[in-house]
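Remarks on the structure that follows.
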Amino acid sequence: MASLKDLRNRIASVKATQKITKAMQMVAAAKLRRAQEAAEAARPYSERMGAVLANITQAIGGGGDAPALMTGTGRDDVHLLIVCTAERGLCGGFNSQIARLARDHIRRLLADGKQVKIICVGKKGFDILRRDYGSLILERVDLREVKTLGFANADAIARKVIHLFNEGGFDICTLFYSQFKSVISQIPTAQQIIPAAPASAAVGTGNGATAVYEYEPEPGEILSDLIPRNIAVQIFRALLENAAGEMGAKMSAMDNATRNAGDMINRLSITYNRQRQAQITKELIEIISGAEAL
């Protein structure tokens with residue numbers, strides 16, 4: 001049985017931990033609002049760009065003018081997986097859920113005889129996947145020094161991916177991230193970005209009718225510029241969704257940790273008081289017994 005001193009030290013240690021988790025919860029709550037606003041602001045732009053691409057694709061009619069980033073190579077032998085996770089932990093199962101989705105996808109591809117390549121964006125996903133698939137990881141993108149995510153960060157990743165595609169490094173690229181729904185709900189998502197799969201609905205007039213556009217320059221030239229930009233936009237949206245999801249998951253995890261620390265303090269305090277009372281009672285009995293012996 002632990003001594004009274006050990007119990008006091010443990011109670012003090014748990015109280016200090018509780019202060020840390022409470023502070024981290026407040027910091028995550030403060031960052032969550034900004035991250036959530038950024039993620040929600042990126043969604044309409046991303047969806048609208050998909051609609052524009054769908055409209056231009058309809059104008060081409062699946063002809064040979066479409067760039068390879070949209071039509072693909074015609075094969076599906078080599079798959080590139082971009083796994084976006086957080087750089088830090090202490091956010092519950094946020095990172096493990098994304099990595100689990102990617103790991104299941106990798107297993108299915110390998111079982112079908114496909115070749116898999118991985119780019120990890122974030123330290124935690126890299127640490128999880130390298131245990132089983134370290135030989136498949138091409139690169140790890142480190143964003144720990146980035147305080148505020150910008151489009152330039154996503155554009156740099158997109159340029160690397162497009163360069164690898166142009167060199168014939170893969171046939172299909174899939175993006176893995178966690179879509180933010182609420183503080184307690186983040187949905188791991190897999191999205192194919194190469195070949196581009198734009199939204200089925202074209203840009204409309206607002207009453208459900210599809211507008212007819214004339215393009216200058218030709219639609220194929222427009223797609224050659226829009227498809228790379230769309231890839232960067234989708235990666236940027238994934239990073240923003242992850243940032244909001246990470247803060248929401250961290251806020252929830254730190255709240256649970258603070259509550260658990262409080263429960264542990266209560267249990268330790270009860271144990272300490274009982275042991276202290278038992279020790280006092282024992283000492284009184286020894287004093288009374290000694291007095292009677294005299």
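FYI, nothing fancy with the structure tokens labels: chains A, B, ... in order, residues from 1 per chain, ligands from 1 as they appear.
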Residues within 7 Å of region 120-137 of chain A, please, as a ChimeraX atom specification. Count only C-alpha atoms; anything in the same chain fewer than 4 positions from it doesn't count.
/A:82-88,95,99,116,141-143
Skipping near chain neighbours, those fewer than 5 positions away, what residues fall within 10 Å of Val183 (chain A) using only C-alpha atoms, listed as an NGL selection string?
:A and (29 or 32 or 36 or 244-252)
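Distances to Asn242 (chain A) were evaluated for A:Ser269, A:Gln275, A:Thr258, A:Ser178 using only C-alpha atoms, and the minimum falls at A:Ser178.
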Compile the contact shell of Thr73 (chain A) as a tab-separated table (two decimals) with C-alpha atoms, in the first residue's frame: residues with an atom at most 9 Å away, counting only C-alpha atoms, same-chain residues fewer than 6 positions apart removed.
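Writing the result to selection_19.tsv gives the following:
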chain	number	residue	atom	x	y	z
A	168	GLY	CA	4.76	8.60	-65.30
A	170	PHE	CA	1.52	6.87	-61.01
A	171	ASP	CA	-1.85	6.42	-62.69
A	172	ILE	CA	-4.37	7.32	-59.96
A	195	PRO	CA	-7.72	11.67	-62.85
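Going from CA of Phe94 (chain A) to CA of Asn230 (chain A) covers 26.0 Å.
The space between CA of Ala257 (chain A) and CA of Thr17 (chain A) spans 9.1 Å.
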List as a ChimeraX atom specification the protein and nucleic acid residues near Ile106 (chain A), meaning an atom at most 9 Å away when only C-alpha atoms are counted, but skip any in the same chain fewer than 4 places from it.
/A:81,101-102,110-111,116,133
Save the residues we just selected, C-alpha atoms, as an mmCIF file, in the first residue's frame?
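Now in part_9.cif:
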data_model
loop_
_atom_site.group_PDB
_atom_site.id
_atom_site.type_symbol
_atom_site.label_atom_id
_atom_site.label_comp_id
_atom_site.auth_asym_id
_atom_site.auth_seq_id
_atom_site.Cartn_x
_atom_site.Cartn_y
_atom_site.Cartn_z
ATOM 1 C CA LEU A 81 -1.905 8.060 -51.822
ATOM 2 C CA LEU A 101 -8.729 4.369 -43.762
ATOM 3 C CA ALA A 102 -5.528 4.731 -45.781
ATOM 4 C CA LEU A 110 -1.885 -4.678 -52.713
ATOM 5 C CA ALA A 111 -4.271 -7.632 -52.609
ATOM 6 C CA VAL A 116 1.252 1.733 -54.126
ATOM 7 C CA TYR A 133 4.519 0.394 -45.229
#
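The residue that comes closest to His105 (chain A), out of A:Glu37, A:Ile119, A:Phe176, A:Thr148 and on the basis of only C-alpha atoms, is A:Phe176.
Distance check against Lys19 (chain A) using only C-alpha atoms: of A:Arg259, A:Arg276, A:Arg237, A:Arg107, the minimum falls on A:Arg259.
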Per-residue DSSP, region 33-270 of chain A, filtered to helix (DSSP H, G or I), as JSON, numbers by chain
{"A": [33, 34, 35, 36, 37, 38, 39, 40, 41, 42, 43, 44, 45, 46, 47, 48, 49, 50, 51, 52, 53, 54, 55, 56, 57, 58, 59, 60, 68, 69, 70, 71, 94, 95, 96, 97, 98, 99, 100, 101, 102, 103, 104, 105, 106, 107, 108, 109, 110, 111, 123, 124, 125, 126, 127, 128, 129, 130, 131, 132, 133, 134, 135, 136, 151, 152, 153, 154, 155, 156, 157, 158, 159, 160, 161, 162, 163, 164, 165, 166, 219, 220, 221, 222, 223, 224, 225, 226, 227, 228, 229, 230, 231, 232, 233, 234, 235, 236, 237, 238, 239, 240, 241, 242, 243, 244, 245, 246, 247, 248, 249, 250, 251, 252, 253, 254, 255, 256, 257, 258, 259, 260, 261, 262, 263, 264, 265, 266, 267, 268, 269, 270]}
Test item: residues at most 7 Å from region 150-160 of chain A, only C-alpha atoms, excluding those fewer than 5 positions along its chain, as an NGL selection string:
:A and (231-232 or 235-236)
Residue set, region 70-230 of chain A restricted to strand (DSSP E or B), as a count of residues only
42
